[in-house]
Amino acid sequence: MGLLKRELRLLLRSPAEVVQSLLFGVLVVALFPLAITPDPDVLRQLSVGLIWVVTLLTSLLAADRSLLSDFEDGSLEQMVLGVAPLWWVCLVKSVGHWLTALLPLIVITPLLGMMLAMTSETMLWLMASLLVGTPVLSLFCVLGAMMTLGLNRGGALLLVILMPFLVPPLVLGTQWAMTLGQPFYGYLLAGLLCVSLMTLPFATASVARIAVGR
Amino acid sequence: MWRWFHEWGSPRYFYARSGRLLPYLAGLTLLLIPTGIVWGLLYAPADYQQGHSYRIMYVHVPAAILAQSSYAMMAAAGMVSLIWRLKLADAAMQTAAPIGAWVTAIALITGALWGKPMWGTYWVWDARLTSTLILLFLFAGVLALRQAAGPSQSGGRAAAVLAVVGLINLPIIKFSVDWWFTLHQPASFSVTEKPAMPIEMWAPLLAMVIGVYGWFFWVWLLRLRQEIREREVRSEWIRQRYQNEF
Amino acid sequence: MLRSESLSCFRQGRWLFEDLDFEVQSGEVLQIIGDNGVGKSTLFRILAGLLEDYDGKVEIAARSCLFLGHRYGLNPRLTVLENVQFLMALQGEVPSEDTLLTALAKLGLLDETQQRCGELSEGQRKRVALTRFLLSNAELWLLDEAFSALDHHGRQTLLTLCQSHVDRGGGLVFSSHQALDPLMVDKTLRLGPA
């Protein structure tokens, strides 16, 4: 519990990080009409996919932010040595990542949707799909960040490692939103979230033990 | 069973025993692949729809089949190295990854070449092509992580976790790509529905598939033995073994 | 409490150390001496269980073990009090704020409790990191270079702290470049070329 409190406290201490994620999202979405066309019909068709891709990139961008500082100042070592179960630590890290990087973006999705001429119904389903799907992104991003911790290879390695795993949430999320909530995709996405929640923190924990040895 | 496992897990025993397997694998490969190639490319009948262009199948299909199972074998080696901390399994995983990546790349390239006459374009976002592409990324991730983490055993364990997580995700990725595809494309140019092949066509294909597996294990063993030599260079048995030969 | 058997570590193409056999029993102090780069920190990280690439055996029979390495585990954006609270929580202990403040006062940090750790000097941060040794009742202490960066007063405090820990029957392993006078050292392990 103390861990979660610490994570939230750090989040409140550094609003710049939240703002950075938001700005990134808004700016990238603003580039699409400029690059493709201002035609609302075309934008409307692309909007769900574009916002999902932007969310995915934001998630990757913020992946190793809080882990890196824990790694550098030695907190991670103490977490590995401590009595609190390591999978719980990793789960909390994922929650922190989701709260700083992804939740703010989901909150401003209506704004992004307006920029891309979305209908309000699609927008609702898009937000629903993001709410269910983005925690999966966070869980995988923290796993990937833990794997590349201390390797000094930058974001490219992270992208290569994570890309295959981000495909299922991306596909299921966009399909769910574009079919306006066809339950089939919703169940699958929720199932994916459950499976990820139950397995990935353990995988991340096993990688954390390796990472502190670097 | 456990004794057997322990014996094969020791690099020394493995090195000695696997040496005896090599000629058989080499023989199998060198017999079946040329047979399959010559038979398939020259003697098998032309397809009534696709003419001669279908013959690339004799490379593409074995490569595609091998690509997936080589990932599974790599991940299985990774799992063994995670659970039992076997150095040999780590070496096996590390050496399987580049071969598997190449096989996947070959499957993709031949698939694209086959796509040109069939679909009129090298690349379409077909469900199979897409999931093979993602398989290539999975291999690339394992390779890149292994490379970045250096030669230590702990670096190998991180890559092993990635490979195992990838193996669990492989069906999920495959299904999601399939659903994505069926929603977007009418199944008009699906490769799945093929008329039954006459025996003259699939017999060389079978030879190729078995031959390619033989080739995979052959190259894998060669590379693994090389890796063992490098890793065990400090140990007694490898010195003794090679000093006798000088 | 702590025992190693033919402990060896191979790094960057050479043996950092080979076949170390040592033992620390309760109430004993082991000092590890060696120049920079001979593997002191690596040895500590192996003993603490952070490094797994080694040959040989390490057995720890202590109920709990505290480790202080080169990185103190203090988040620069959290205050001194928050950091100590968090580190204690990781050990499964939740001391009251009074206890925390008393401990911090003993280490001369009473005026800094609300400061962010990023604003402190090296010596002050080290003292913050040492607070959990004062509060915890772990049986085995692993102190890597704990005495460097401390001023005279800080060193004395730490020395008394260590002495009372050993008197209570705890085990202590520490490393330093030179011998430390008042502390009774039971065993010495010299690393590096003899």
# chains A, B, ... in the order shown; residues from 1 in each chain; ligands from 1
$ interface_residues --of "chain A" --to "chain C" --cutoff "6 Å" --atoms "only C-alpha atoms" --output "list in words"
Asp73, Gly74, Ser75, Gly82, Val83, Ala84 and Gly213 of chain A
$ residues_around --residues "A:Trp98" --least-positions-apart "2" --cutoff "12 Å" --atoms "only C-alpha atoms" --output "PyMOL selection string"
chain A and resi 7-8+11+18+21+55-56+58-60+62-63+65-66+91-96+100-106+130-142
$ closest_atom_pairs --of "stretch 19-56 of chain C" --to "stretch 127-147 of chain C" --cutoff "10 Å" --atoms "only C-alpha atoms" --output "tab-separated table"
residue	atom	partner	partner_atom	distance
C:Val24	CA	C:Leu140	CA	9.3
C:Gln25	CA	C:Leu140	CA	9.5
C:Ser26	CA	C:Glu139	CA	8.1
C:Gly27	CA	C:Glu139	CA	9.5
C:Glu28	CA	C:Leu140	CA	9.9
C:Val29	CA	C:Trp141	CA	9.7
C:Leu30	CA	C:Leu142	CA	9.7
C:Gln31	CA	C:Leu143	CA	9.7
C:Ile32	CA	C:Asp144	CA	9.0
C:Lys40	CA	C:Asp144	CA	7.8
C:Ser41	CA	C:Asp144	CA	6.6
C:Thr42	CA	C:Asp144	CA	9.9
C:Leu43	CA	C:Asp144	CA	9.5
C:Phe44	CA	C:Asp144	CA	6.7
C:Arg45	CA	C:Asp144	CA	9.1
C:Leu47	CA	C:Leu142	CA	8.1
C:Ala48	CA	C:Leu142	CA	7.4
$ write_last_selection --atoms "C-alpha atoms" --output "mmCIF file, in the first residue's frame"
data_model
loop_
_atom_site.group_PDB
_atom_site.id
_atom_site.type_symbol
_atom_site.label_atom_id
_atom_site.label_comp_id
_atom_site.auth_asym_id
_atom_site.auth_seq_id
_atom_site.Cartn_x
_atom_site.Cartn_y
_atom_site.Cartn_z
ATOM 1 C CA VAL C 24 30.398 -14.722 9.663
ATOM 2 C CA GLN C 25 28.734 -15.887 12.829
ATOM 3 C CA SER C 26 26.447 -13.920 15.058
ATOM 4 C CA GLY C 27 28.304 -11.172 16.873
ATOM 5 C CA GLU C 28 31.140 -11.252 14.377
ATOM 6 C CA VAL C 29 32.552 -8.507 12.191
ATOM 7 C CA LEU C 30 34.100 -9.204 8.812
ATOM 8 C CA GLN C 31 36.059 -6.448 7.157
ATOM 9 C CA ILE C 32 36.717 -6.580 3.438
ATOM 10 C CA LYS C 40 34.437 -5.414 -3.292
ATOM 11 C CA SER C 41 31.143 -4.041 -4.491
ATOM 12 C CA THR C 42 30.527 -7.039 -6.727
ATOM 13 C CA LEU C 43 31.125 -9.299 -3.742
ATOM 14 C CA PHE C 44 28.667 -7.285 -1.675
ATOM 15 C CA ARG C 45 26.042 -7.451 -4.380
ATOM 16 C CA LEU C 47 26.121 -11.530 -0.808
ATOM 17 C CA ALA C 48 23.032 -9.348 -0.839
#
$ closest_atom_pairs --of "chain B" --to "chain A" --cutoff "9 Å" --atoms "only C-alpha atoms" --output "JSON lines"
{"residue": "B:Ile134", "atom": "CA", "partner": "A:Pro164", "partner_atom": "CA", "distance": 5.6}
{"residue": "B:Leu135", "atom": "CA", "partner": "A:Pro164", "partner_atom": "CA", "distance": 7.6}
{"residue": "B:Phe137", "atom": "CA", "partner": "A:Pro164", "partner_atom": "CA", "distance": 6.4}
{"residue": "B:Leu138", "atom": "CA", "partner": "A:Pro164", "partner_atom": "CA", "distance": 6.1}
{"residue": "B:Phe139", "atom": "CA", "partner": "A:Ile161", "partner_atom": "CA", "distance": 9.0}
{"residue": "B:Ala140", "atom": "CA", "partner": "A:Val160", "partner_atom": "CA", "distance": 6.8}
{"residue": "B:Gly141", "atom": "CA", "partner": "A:Ile161", "partner_atom": "CA", "distance": 4.2}
{"residue": "B:Val142", "atom": "CA", "partner": "A:Ile161", "partner_atom": "CA", "distance": 7.1}
{"residue": "B:Ala144", "atom": "CA", "partner": "A:Leu157", "partner_atom": "CA", "distance": 6.8}
{"residue": "B:Leu145", "atom": "CA", "partner": "A:Leu157", "partner_atom": "CA", "distance": 7.2}
{"residue": "B:Ala148", "atom": "CA", "partner": "A:Leu151", "partner_atom": "CA", "distance": 6.4}
{"residue": "B:Ala149", "atom": "CA", "partner": "A:Leu151", "partner_atom": "CA", "distance": 6.4}
{"residue": "B:Ser154", "atom": "CA", "partner": "A:Ile210", "partner_atom": "CA", "distance": 6.0}
{"residue": "B:Gly155", "atom": "CA", "partner": "A:Ile210", "partner_atom": "CA", "distance": 7.7}
{"residue": "B:Arg157", "atom": "CA", "partner": "A:Ile210", "partner_atom": "CA", "distance": 7.6}
{"residue": "B:Ala158", "atom": "CA", "partner": "A:Val207", "partner_atom": "CA", "distance": 5.9}
{"residue": "B:Ala159", "atom": "CA", "partner": "A:Met147", "partner_atom": "CA", "distance": 8.1}
{"residue": "B:Val161", "atom": "CA", "partner": "A:Ala203", "partner_atom": "CA", "distance": 7.0}
{"residue": "B:Leu162", "atom": "CA", "partner": "A:Ile161", "partner_atom": "CA", "distance": 8.0}
{"residue": "B:Val165", "atom": "CA", "partner": "A:Ala203", "partner_atom": "CA", "distance": 7.9}
{"residue": "B:Gly166", "atom": "CA", "partner": "A:Phe165", "partner_atom": "CA", "distance": 7.5}
{"residue": "B:Asn169", "atom": "CA", "partner": "A:Phe165", "partner_atom": "CA", "distance": 7.1}
{"residue": "B:Leu170", "atom": "CA", "partner": "A:Phe165", "partner_atom": "CA", "distance": 8.9}
{"residue": "B:Ile172", "atom": "CA", "partner": "A:Pro168", "partner_atom": "CA", "distance": 6.8}
{"residue": "B:Ile173", "atom": "CA", "partner": "A:Pro168", "partner_atom": "CA", "distance": 5.5}
{"residue": "B:Lys174", "atom": "CA", "partner": "A:Pro168", "partner_atom": "CA", "distance": 8.6}
{"residue": "B:Phe175", "atom": "CA", "partner": "A:Pro168", "partner_atom": "CA", "distance": 8.5}
{"residue": "B:Ser176", "atom": "CA", "partner": "A:Pro168", "partner_atom": "CA", "distance": 5.5}
{"residue": "B:Val177", "atom": "CA", "partner": "A:Val171", "partner_atom": "CA", "distance": 7.3}
{"residue": "B:Trp179", "atom": "CA", "partner": "A:Val171", "partner_atom": "CA", "distance": 8.5}
{"residue": "B:Trp180", "atom": "CA", "partner": "A:Val171", "partner_atom": "CA", "distance": 6.3}
{"residue": "B:Leu183", "atom": "CA", "partner": "A:Gln175", "partner_atom": "CA", "distance": 8.3}
$ write_last_selection --atoms "N, CA and C atoms" --output "CSV table (one decimal), in the first residue's frame"
chain,number,residue,atom,x,y,z
B,134,ILE,N,4.9,-10.3,-37.9
B,134,ILE,CA,5.0,-10.1,-36.4
B,134,ILE,C,5.9,-11.1,-35.8
B,135,LEU,N,5.9,-12.4,-36.3
B,135,LEU,CA,6.8,-13.4,-35.8
B,135,LEU,C,8.2,-12.9,-36.0
B,137,PHE,N,9.3,-9.9,-36.0
B,137,PHE,CA,9.6,-8.9,-35.0
B,137,PHE,C,9.8,-9.6,-33.7
B,138,LEU,N,9.1,-10.6,-33.4
B,138,LEU,CA,9.4,-11.4,-32.1
B,138,LEU,C,10.8,-11.9,-32.1
B,139,PHE,N,11.2,-12.5,-33.2
B,139,PHE,CA,12.6,-13.0,-33.3
B,139,PHE,C,13.6,-11.8,-33.1
B,140,ALA,N,13.2,-10.7,-33.8
B,140,ALA,CA,14.1,-9.5,-33.8
B,140,ALA,C,14.3,-9.0,-32.4
B,141,GLY,N,13.1,-9.0,-31.6
B,141,GLY,CA,13.2,-8.5,-30.2
B,141,GLY,C,14.1,-9.4,-29.4
B,142,VAL,N,14.0,-10.7,-29.5
B,142,VAL,CA,14.8,-11.6,-28.7
B,142,VAL,C,16.3,-11.4,-29.1
B,144,ALA,N,17.7,-8.8,-30.5
B,144,ALA,CA,18.2,-7.4,-30.1
B,144,ALA,C,18.5,-7.4,-28.6
B,145,LEU,N,17.6,-8.0,-27.8
B,145,LEU,CA,17.7,-8.0,-26.4
B,145,LEU,C,19.0,-8.8,-26.0
B,148,ALA,N,22.0,-6.8,-26.8
B,148,ALA,CA,22.2,-5.6,-26.0
B,148,ALA,C,22.6,-6.0,-24.6
B,149,ALA,N,22.2,-7.2,-24.1
B,149,ALA,CA,22.4,-7.6,-22.7
B,149,ALA,C,23.8,-8.2,-22.6
B,154,SER,N,22.9,-13.8,-17.2
B,154,SER,CA,21.7,-13.1,-16.8
B,154,SER,C,21.1,-12.4,-18.0
B,155,GLY,N,21.9,-12.0,-19.0
B,155,GLY,CA,21.4,-11.4,-20.2
B,155,GLY,C,20.5,-12.4,-20.9
B,157,ARG,N,18.9,-14.8,-19.6
B,157,ARG,CA,17.6,-15.1,-18.9
B,157,ARG,C,16.6,-14.0,-19.3
B,158,ALA,N,17.0,-12.8,-19.4
B,158,ALA,CA,16.0,-11.7,-19.8
B,158,ALA,C,15.4,-12.1,-21.2
B,159,ALA,N,16.3,-12.5,-22.1
B,159,ALA,CA,15.9,-12.8,-23.4
B,159,ALA,C,15.0,-14.1,-23.4
B,161,VAL,N,12.9,-14.9,-20.9
B,161,VAL,CA,11.6,-14.5,-20.5
B,161,VAL,C,10.8,-13.9,-21.6
B,162,LEU,N,11.5,-13.1,-22.4
B,162,LEU,CA,10.9,-12.4,-23.6
B,162,LEU,C,10.4,-13.5,-24.6
B,165,VAL,N,7.3,-15.3,-23.0
B,165,VAL,CA,6.1,-14.5,-23.0
B,165,VAL,C,5.6,-14.4,-24.5
B,166,GLY,N,6.6,-14.3,-25.4
B,166,GLY,CA,6.2,-14.3,-26.8
B,166,GLY,C,5.5,-15.6,-27.2
B,169,ASN,N,2.0,-15.5,-26.1
B,169,ASN,CA,1.3,-14.5,-26.9
B,169,ASN,C,1.0,-14.9,-28.3
B,170,LEU,N,1.8,-15.9,-28.8
B,170,LEU,CA,1.8,-16.2,-30.2
B,170,LEU,C,0.3,-16.5,-30.7
B,172,ILE,N,-2.4,-15.6,-29.3
B,172,ILE,CA,-3.3,-14.4,-29.1
B,172,ILE,C,-3.0,-13.5,-30.3
B,173,ILE,N,-1.8,-13.3,-30.6
B,173,ILE,CA,-1.4,-12.4,-31.8
B,173,ILE,C,-2.0,-13.0,-33.1
B,174,LYS,N,-1.9,-14.3,-33.2
B,174,LYS,CA,-2.4,-14.9,-34.5
B,174,LYS,C,-3.9,-14.7,-34.6
B,175,PHE,N,-4.6,-15.0,-33.5
B,175,PHE,CA,-6.1,-14.9,-33.6
B,175,PHE,C,-6.5,-13.4,-33.8
B,176,SER,N,-5.9,-12.5,-33.1
B,176,SER,CA,-6.3,-11.1,-33.2
B,176,SER,C,-6.0,-10.6,-34.6
B,177,VAL,N,-4.9,-11.1,-35.2
B,177,VAL,CA,-4.6,-10.7,-36.6
B,177,VAL,C,-5.7,-11.3,-37.5
B,179,TRP,N,-8.8,-12.1,-36.8
B,179,TRP,CA,-10.1,-11.3,-36.7
B,179,TRP,C,-10.0,-10.0,-37.3
B,180,TRP,N,-8.9,-9.3,-37.2
B,180,TRP,CA,-8.7,-8.0,-37.8
B,180,TRP,C,-8.8,-8.2,-39.3
B,183,LEU,N,-12.4,-8.9,-40.6
B,183,LEU,CA,-13.3,-7.7,-40.6
B,183,LEU,C,-13.0,-6.8,-41.7
$ residues_around --residues "B:Leu205" --least-positions-apart "5" --cutoff "12 Å" --atoms "only C-alpha atoms" --output "number ranges by chain"
B: 32-41, 44, 54-63, 65, 197-200, 210-212
$ select_by_dssp --residues "stretch 38-193 of chain A" --states "alpha helix (DSSP H)" --output "PyMOL selection string"
chain A and resi 40-61+65-73+75-81+86-97+103-107+109-115+120-148+154-178+183-193
$ closest_atom_pairs --of "chain B" --to "chain C" --cutoff "10 Å" --atoms "only C-alpha atoms" --output "CSV"
residue,atom,partner,partner_atom,distance
B:Pro151,CA,C:Gln12,CA,9.8
B:Ser152,CA,C:Asp53,CA,7.6
B:Gln153,CA,C:Asp53,CA,6.8
B:Ser154,CA,C:Asp53,CA,6.8
$ atom_distance --atom1 "atom CA of A:Leu61" --atom2 "atom CA of A:Ala35"
22.0 Å
$ select_by_dssp --residues "stretch 1-189 of chain C" --states "strand (DSSP E)" --output "NGL selection string"
:C and (2-11 or 14-24 or 29-33 or 55-60 or 65-68 or 140-143 or 171-175 or 187-189)
